[in-house]
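Everything below belongs to target37.cif, which stores mmCIF, C-alpha atoms and all ligand atoms.
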```
data_input
loop_
_atom_site.label_atom_id
_atom_site.label_comp_id
_atom_site.auth_asym_id
_atom_site.auth_seq_id
_atom_site.Cartn_x
_atom_site.Cartn_y
_atom_site.Cartn_z
CA MET A 291 0.00 0.00 0.00
CA ARG A 292 1.44 3.37 -0.98
CA ILE A 293 1.52 6.03 1.75
CA VAL A 294 2.08 9.76 1.29
CA LYS A 295 3.14 12.25 3.97
CA ILE A 296 1.16 15.46 4.16
CA ARG A 297 1.46 18.62 6.25
CA THR A 298 -1.61 20.72 6.67
CA ARG A 299 -3.14 23.17 9.09
CA VAL A 300 -6.54 22.16 10.42
CA ASN A 301 -8.56 24.47 12.66
CA GLY A 302 -5.41 26.42 13.49
CA LYS A 303 -3.26 23.40 14.36
CA ASP A 304 -0.34 22.14 12.29
CA ILE A 305 -0.86 18.51 11.35
CA GLN A 306 1.55 16.03 9.84
CA SER A 307 0.00 12.81 8.71
CA GLU A 308 0.36 9.79 6.47
CA VAL A 309 -2.44 9.03 4.06
CA GLU A 310 -3.17 6.76 1.15
CA PRO A 311 -3.19 8.72 -2.13
CA ARG A 312 -6.82 7.68 -2.70
CA GLU A 313 -8.08 8.77 0.75
CA LEU A 314 -10.83 11.35 0.55
CA LEU A 315 -10.52 14.55 2.57
CA VAL A 316 -13.82 13.83 4.32
CA HIS A 317 -12.51 10.48 5.58
CA PHE A 318 -9.18 11.99 6.63
CA LEU A 319 -10.95 14.66 8.69
CA ARG A 320 -13.46 12.31 10.30
CA GLU A 321 -11.41 9.17 10.80
CA ASN A 322 -7.81 10.35 11.18
CA LEU A 323 -8.53 13.61 13.01
CA GLY A 324 -11.84 12.77 14.70
CA LEU A 325 -13.60 15.83 13.30
CA THR A 326 -17.03 14.27 13.10
CA GLY A 327 -18.81 17.59 12.60
CA VAL A 328 -17.95 16.94 8.93
CA HIS A 329 -20.85 14.78 7.79
CA ILE A 330 -21.29 12.35 4.93
CA GLY A 331 -24.78 12.58 3.47
CA CYS A 332 -24.50 11.07 0.00
CA ASP A 333 -22.30 9.20 -2.44
CA THR A 334 -22.88 11.61 -5.24
CA SER A 335 -21.32 15.00 -4.29
CA ASN A 336 -24.81 16.48 -4.09
CA CYS A 337 -25.75 17.09 -0.46
CA GLY A 338 -23.07 19.47 0.87
CA ALA A 339 -23.13 17.95 4.37
CA CYS A 340 -19.36 17.42 4.09
CA THR A 341 -18.54 21.09 3.37
CA VAL A 342 -15.37 22.52 4.89
CA LEU A 343 -13.22 25.56 4.12
CA VAL A 344 -9.95 25.02 2.27
CA ASP A 345 -7.83 28.16 2.27
CA GLY A 346 -11.02 30.00 3.21
CA LYS A 347 -13.13 28.68 0.35
CA ALA A 348 -16.14 26.38 0.89
CA VAL A 349 -15.57 22.97 -0.71
CA LYS A 350 -17.28 19.59 -0.50
CA SER A 351 -14.69 17.45 1.24
CA CYS A 352 -15.98 14.29 -0.43
CA THR A 353 -14.83 15.73 -3.75
CA MET A 354 -11.20 16.27 -2.69
CA LEU A 355 -8.39 13.93 -1.77
CA ALA A 356 -6.56 14.35 1.51
CA VAL A 357 -3.28 14.78 -0.41
CA GLN A 358 -4.74 17.88 -2.04
CA VAL A 359 -4.68 19.78 1.26
CA ASP A 360 -0.93 19.31 1.65
CA GLY A 361 0.43 22.78 2.43
CA ARG A 362 -3.06 24.25 2.75
CA GLU A 363 -5.33 25.34 5.56
CA VAL A 364 -8.59 23.55 6.41
CA THR A 365 -11.37 24.77 8.68
CA THR A 366 -14.23 22.57 9.83
CA ILE A 367 -17.28 23.45 11.89
CA GLU A 368 -15.22 22.64 15.01
CA GLY A 369 -12.84 25.48 14.07
CA ILE A 370 -15.08 28.51 13.69
CA SER A 371 -15.98 29.12 17.34
CA LYS A 372 -13.61 31.08 19.57
CA ASN A 373 -12.90 30.42 23.27
CA ASP A 374 -15.72 27.87 23.48
CA GLU A 375 -18.23 30.48 22.37
CA LEU A 376 -20.41 29.75 19.38
CA HIS A 377 -19.70 31.70 16.21
CA PRO A 378 -22.43 34.33 15.46
CA LEU A 379 -23.63 32.22 12.55
CA GLN A 380 -24.02 29.20 14.84
CA LYS A 381 -25.94 31.36 17.32
CA ALA A 382 -28.15 32.60 14.49
CA PHE A 383 -29.01 29.04 13.39
CA LEU A 384 -29.94 28.21 16.97
CA GLU A 385 -32.04 31.32 17.53
CA LYS A 386 -33.84 31.25 14.18
CA HIS A 387 -34.42 27.48 14.21
CA GLY A 388 -32.21 26.87 11.18
CA LEU A 389 -31.90 23.19 12.03
CA GLN A 390 -33.96 20.21 12.97
CA CYS A 391 -31.96 16.96 12.87
CA GLY A 392 -28.77 18.99 12.29
CA TYR A 393 -27.31 16.65 9.71
CA CYS A 394 -26.94 19.33 7.04
CA THR A 395 -26.13 22.13 9.47
CA SER A 396 -22.34 22.18 9.52
CA GLY A 397 -22.35 22.30 5.73
CA MET A 398 -25.03 25.00 5.64
CA ILE A 399 -23.09 27.11 8.15
CA LEU A 400 -19.70 26.78 6.47
CA THR A 401 -21.09 27.48 3.01
CA SER A 402 -22.80 30.59 4.41
CA TYR A 403 -19.70 31.55 6.40
CA TRP A 404 -17.77 31.69 3.13
CA LEU A 405 -20.48 33.87 1.56
CA LEU A 406 -20.59 36.29 4.50
CA LYS A 407 -16.80 36.66 4.54
CA ASN A 408 -17.03 37.82 0.93
CA ASN A 409 -20.37 39.62 1.03
CA LYS A 410 -21.31 40.89 4.46
CA ASN A 411 -24.89 41.82 3.60
CA PRO A 412 -26.16 39.47 0.88
CA THR A 413 -29.64 39.57 -0.60
CA GLU A 414 -32.01 36.66 -0.06
CA GLU A 415 -31.43 35.62 -3.66
CA GLU A 416 -27.65 35.55 -3.11
CA ILE A 417 -28.08 33.48 0.06
CA ARG A 418 -30.32 30.99 -1.76
CA LYS A 419 -27.97 30.76 -4.74
CA ASN A 420 -24.98 30.21 -2.44
CA LEU A 421 -26.79 27.35 -0.67
CA SER A 422 -28.03 25.71 -3.86
CA GLY A 423 -25.48 22.89 -3.44
CA ASN A 424 -26.56 22.09 0.13
CA LEU A 425 -29.58 19.89 0.75
CA CYS A 426 -31.77 19.76 3.84
CA ARG A 427 -34.43 17.10 4.26
CA CYS A 428 -36.04 18.67 7.34
CA THR A 429 -36.46 22.42 7.49
CA GLY A 430 -38.02 23.49 4.19
CA TYR A 431 -35.09 25.95 3.88
CA GLN A 432 -36.92 29.15 4.94
CA SER A 433 -35.60 29.01 8.48
CA ILE A 434 -32.09 28.42 7.12
CA ILE A 435 -32.36 31.54 4.96
CA GLU A 436 -33.61 33.53 7.96
CA SER A 437 -30.71 32.18 10.02
CA VAL A 438 -28.16 33.31 7.46
CA LYS A 439 -29.74 36.79 7.26
CA TYR A 440 -29.65 37.07 11.05
CA GLY A 441 -26.12 35.66 11.14
CA ALA A 442 -25.04 38.41 8.74
CA GLN A 443 -26.39 41.03 11.17
CA LEU A 444 -24.66 39.41 14.14
CA MET A 445 -21.37 39.16 12.26
CA MET A 446 -21.55 42.84 11.29
CA LYS A 447 -22.24 43.80 14.91
CA GLU A 448 -19.34 41.71 16.13
CA LYS A 449 -17.01 43.31 13.59
CA GLU A 450 -18.11 46.81 14.67
CA LYS A 451 -17.45 45.86 18.29
CA GLU A 452 -13.98 44.57 17.44
CA GLU A 453 -13.19 47.77 15.51
CA GLN A 454 -14.33 49.91 18.44
CA GLN A 455 -12.11 47.91 20.81
CA ILE A 456 -9.11 48.45 18.50
CA GLU A 457 -9.81 52.24 18.42
CA VAL A 458 -9.98 52.36 22.24
CA ARG A 459 -6.61 50.61 22.48
S1 LIG A 501 -21.21 13.84 1.34
FE1 LIG A 501 -20.17 15.34 0.18
S2 LIG A 501 -21.71 16.22 -1.03
FE2 LIG A 501 -22.75 14.66 0.09
S1 LIG A 502 -31.87 19.86 9.55
FE1 LIG A 502 -32.11 17.77 9.04
S2 LIG A 502 -31.21 17.62 7.08
FE2 LIG A 502 -31.21 19.74 7.50
#
```
Is it possible to express this structure as structure tokens?
Amino acid sequence: MRIVKIRTRVNGKDIQSEVEPRELLVHFLRENLGLTGVHIGCDTSNCGACTVLVDGKAVKSCTMLAVQVDGREVTTIEGISKNDELHPLQKAFLEKHGLQCGYCTSGMILTSYWLLKNNKNPTEEEIRKNLSGNLCRCTGYQSIIESVKYGAQLMMKEKEKEEQQIEVR
């Protein structure tokens, strides 16, 4: 069996690991690193439950090989909260009932996280378009859209607060 060494940064930690060249990123994250917030919902690259950020961009981790993140940075749902406090987008999903079973939720949040980093106040149409590759079998989507809108507000407020703190210093 051929084994390849990779170095990557996952949720802010440097990782060195040995993987098979055919190992999918989703399996590497779940099985080698124990990051089970990355879900597997299909065999067809359709559901988006496995979404993570690679160098800040939302990707379906079942469509990438682990070797492809050599030298790159990966963020999973476990990596977006700070100091054990939920990220504003996570809080928004909780408050606006953006989840039921939660299976799709990490993917929904990370896909939306990527959008909001690039477009802090998206329209509903932009939110829907951005989530078109993520499937939810429970919520009917409206509460997810409302969660992302509310998350955008919370993220803007948090940014303003951080900027005010920098000015005070
Ligand atoms: S598990 Fe990756 S898209 Fe469904
Ligand atoms: S909340 Fe159950 S699949 Fe989306």
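Residues of protein, DNA and RNA with at least one atom no farther than 10 Å from (-26.9, 29.6, 13.9) are, using only C-alpha atoms, Leu376, His377, Pro378, Leu379, Gln380, Lys381, Ala382, Phe383, Leu384, Glu385, Lys386, His387, Gly388, Leu389, Thr395, Ser396, Met398, Ile399, Ile434, Glu436, Ser437, Val438, Tyr440 and Gly441 of chain A.
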Enclose the full set of atoms of ligand LIG 502 (chain A) listed in the file within a box whose edges lie along x, y and z, apply 8 Å of padding to each of the six sides, and report centre and edge lengths in Å to one decimal as JSON.
```
{"center_x": -31.7, "center_y": 18.7, "center_z": 8.3, "size_x": 16.9, "size_y": 18.2, "size_z": 18.5}
```
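Each of A:Arg292, A:Arg312, A:Arg320, A:Lys303 was compared to ligand LIG 501 (chain A) using all atoms listed in the file, and A:Arg320 turns out to be the nearest.
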Env of A:Leu355: 8 Å cut, atoms = all atoms listed in the file, seq-sep filter 2 positions within chain, self excluded. Answer as a compact mmCIF listing (two decimals) with C-alpha atoms, in the frame of the given file.
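Wrote it out as out.txt, contents follow:
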```txt
# COMPACT_ATOMS: atom_id res chain seq x y z
CA PRO A 311 -3.19 8.72 -2.13
CA ARG A 312 -6.82 7.68 -2.70
CA GLU A 313 -8.08 8.77 0.75
CA LEU A 314 -10.83 11.35 0.55
CA LEU A 315 -10.52 14.55 2.57
CA SER A 351 -14.69 17.45 1.24
CA CYS A 352 -15.98 14.29 -0.43
CA THR A 353 -14.83 15.73 -3.75
CA VAL A 357 -3.28 14.78 -0.41
CA GLN A 358 -4.74 17.88 -2.04
CA VAL A 359 -4.68 19.78 1.26
```
Residues within 8 Å of ligand LIG 502 (chain A) (all atoms listed in the file), as a CSV table (one decimal) with C-alpha atoms, keeping the file's coordinate frame?
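Output saved as part39.csv:
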```csv
chain,number,residue,atom,x,y,z
A,388,GLY,CA,-32.2,26.9,11.2
A,389,LEU,CA,-31.9,23.2,12.0
A,390,GLN,CA,-34.0,20.2,13.0
A,391,CYS,CA,-32.0,17.0,12.9
A,392,GLY,CA,-28.8,19.0,12.3
A,393,TYR,CA,-27.3,16.6,9.7
A,394,CYS,CA,-26.9,19.3,7.0
A,395,THR,CA,-26.1,22.1,9.5
A,425,LEU,CA,-29.6,19.9,0.8
A,426,CYS,CA,-31.8,19.8,3.8
A,427,ARG,CA,-34.4,17.1,4.3
A,428,CYS,CA,-36.0,18.7,7.3
A,429,THR,CA,-36.5,22.4,7.5
```
> So which residues touch A:Gly346 within 12 Å, counting only C-alpha atoms, skipping near sequence neighbours fewer than 2 positions away, as a count of residues only?
Replying inline: 25
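Residue nearest A:Ile305 within the list A:Thr413, A:Ile293, A:Gly361, A:Glu321: A:Gly361 [criterion: smallest interatomic distance, all atoms listed in the file].
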>> Residues contacting ligand LIG 501 (chain A) - anything with an atom at most 9 Å away, using all atoms listed in the file - can you give me those as number ranges by chain?
In response: A: 316, 328-341, 349-353, 423-425
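You will find atom CA of A:Thr326 at 22.2 Å from atom CA of A:Lys295.
One distance worth recording is that between atom CA of A:Ala356 and atom CA of A:Val309, which is 7.2 Å.
For the pair atom CA of A:Phe318 and atom CA of A:Ser371, the separation is 21.3 Å.
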Stretch 292-320 of chain A rebuilt with N, CA and C atoms, output as an mmCIF file, keeping the file's coordinate frame:
```cif
data_model
loop_
_atom_site.group_PDB
_atom_site.id
_atom_site.type_symbol
_atom_site.label_atom_id
_atom_site.label_comp_id
_atom_site.auth_asym_id
_atom_site.auth_seq_id
_atom_site.Cartn_x
_atom_site.Cartn_y
_atom_site.Cartn_z
ATOM 1 N N ARG A 292 0.621 2.156 -0.910
ATOM 2 C CA ARG A 292 1.440 3.370 -0.980
ATOM 3 C C ARG A 292 0.937 4.389 0.050
ATOM 4 N N ILE A 293 1.876 5.041 0.721
ATOM 5 C CA ILE A 293 1.520 6.030 1.750
ATOM 6 C C ILE A 293 2.227 7.352 1.416
ATOM 7 N N VAL A 294 1.511 8.444 1.600
ATOM 8 C CA VAL A 294 2.080 9.760 1.290
ATOM 9 C C VAL A 294 2.049 10.600 2.569
ATOM 10 N N LYS A 295 3.128 11.364 2.800
ATOM 11 C CA LYS A 295 3.140 12.250 3.970
ATOM 12 C C LYS A 295 2.553 13.591 3.581
ATOM 13 N N ILE A 296 1.676 14.110 4.429
ATOM 14 C CA ILE A 296 1.160 15.460 4.160
ATOM 15 C C ILE A 296 1.318 16.327 5.417
ATOM 16 N N ARG A 297 1.467 17.628 5.160
ATOM 17 C CA ARG A 297 1.460 18.620 6.250
ATOM 18 C C ARG A 297 0.344 19.593 5.926
ATOM 19 N N THR A 298 -0.499 19.805 6.892
ATOM 20 C CA THR A 298 -1.610 20.720 6.670
ATOM 21 C C THR A 298 -1.918 21.450 7.972
ATOM 22 N N ARG A 299 -2.725 22.466 7.878
ATOM 23 C CA ARG A 299 -3.140 23.170 9.090
ATOM 24 C C ARG A 299 -4.648 23.023 9.196
ATOM 25 N N VAL A 300 -5.104 22.418 10.281
ATOM 26 C CA VAL A 300 -6.540 22.160 10.420
ATOM 27 C C VAL A 300 -7.035 22.849 11.692
ATOM 28 N N ASN A 301 -7.993 23.716 11.529
ATOM 29 C CA ASN A 301 -8.560 24.470 12.660
ATOM 30 C C ASN A 301 -7.457 25.116 13.513
ATOM 31 N N GLY A 302 -6.467 25.679 12.802
ATOM 32 C CA GLY A 302 -5.410 26.420 13.490
ATOM 33 C C GLY A 302 -4.284 25.576 14.043
ATOM 34 N N LYS A 303 -4.338 24.262 13.841
ATOM 35 C CA LYS A 303 -3.260 23.400 14.360
ATOM 36 C C LYS A 303 -2.487 22.785 13.198
ATOM 37 N N ASP A 304 -1.153 22.787 13.321
ATOM 38 C CA ASP A 304 -0.340 22.140 12.290
ATOM 39 C C ASP A 304 -0.433 20.632 12.446
ATOM 40 N N ILE A 305 -0.679 19.962 11.333
ATOM 41 C CA ILE A 305 -0.860 18.510 11.350
ATOM 42 C C ILE A 305 0.110 17.884 10.349
ATOM 43 N N GLN A 306 0.778 16.837 10.784
ATOM 44 C CA GLN A 306 1.550 16.030 9.840
ATOM 45 C C GLN A 306 0.920 14.656 9.866
ATOM 46 N N SER A 307 0.691 14.089 8.703
ATOM 47 C CA SER A 307 0.000 12.810 8.710
ATOM 48 C C SER A 307 0.434 11.964 7.515
ATOM 49 N N GLU A 308 0.094 10.696 7.581
ATOM 50 C CA GLU A 308 0.360 9.790 6.470
ATOM 51 C C GLU A 308 -0.977 9.298 5.943
ATOM 52 N N VAL A 309 -1.143 9.422 4.646
ATOM 53 C CA VAL A 309 -2.440 9.030 4.060
ATOM 54 C C VAL A 309 -2.200 8.197 2.805
ATOM 55 N N GLU A 310 -3.216 7.434 2.446
ATOM 56 C CA GLU A 310 -3.170 6.760 1.150
ATOM 57 C C GLU A 310 -3.522 7.797 0.085
ATOM 58 N N PRO A 311 -2.904 7.717 -1.082
ATOM 59 C CA PRO A 311 -3.190 8.720 -2.130
ATOM 60 C C PRO A 311 -4.668 8.793 -2.500
ATOM 61 N N ARG A 312 -5.396 7.685 -2.287
ATOM 62 C CA ARG A 312 -6.820 7.680 -2.700
ATOM 63 C C ARG A 312 -7.759 8.133 -1.574
ATOM 64 N N GLU A 313 -7.206 8.447 -0.395
ATOM 65 C CA GLU A 313 -8.080 8.770 0.750
ATOM 66 C C GLU A 313 -8.777 10.118 0.534
ATOM 67 N N LEU A 314 -10.079 10.105 0.721
ATOM 68 C CA LEU A 314 -10.830 11.350 0.550
ATOM 69 C C LEU A 314 -10.613 12.268 1.748
ATOM 70 N N LEU A 315 -10.697 13.573 1.493
ATOM 71 C CA LEU A 315 -10.520 14.550 2.570
ATOM 72 C C LEU A 315 -11.546 14.322 3.685
ATOM 73 N N VAL A 316 -12.778 14.021 3.304
ATOM 74 C CA VAL A 316 -13.820 13.830 4.320
ATOM 75 C C VAL A 316 -13.463 12.685 5.264
ATOM 76 N N HIS A 317 -12.893 11.617 4.730
ATOM 77 C CA HIS A 317 -12.510 10.480 5.580
ATOM 78 C C HIS A 317 -11.299 10.826 6.443
ATOM 79 N N PHE A 318 -10.361 11.560 5.869
ATOM 80 C CA PHE A 318 -9.180 11.990 6.630
ATOM 81 C C PHE A 318 -9.624 12.827 7.836
ATOM 82 N N LEU A 319 -10.529 13.772 7.601
ATOM 83 C CA LEU A 319 -10.950 14.660 8.690
ATOM 84 C C LEU A 319 -11.728 13.897 9.755
ATOM 85 N N ARG A 320 -12.625 13.028 9.330
ATOM 86 C CA ARG A 320 -13.460 12.310 10.300
ATOM 87 C C ARG A 320 -12.684 11.194 11.009
#
```
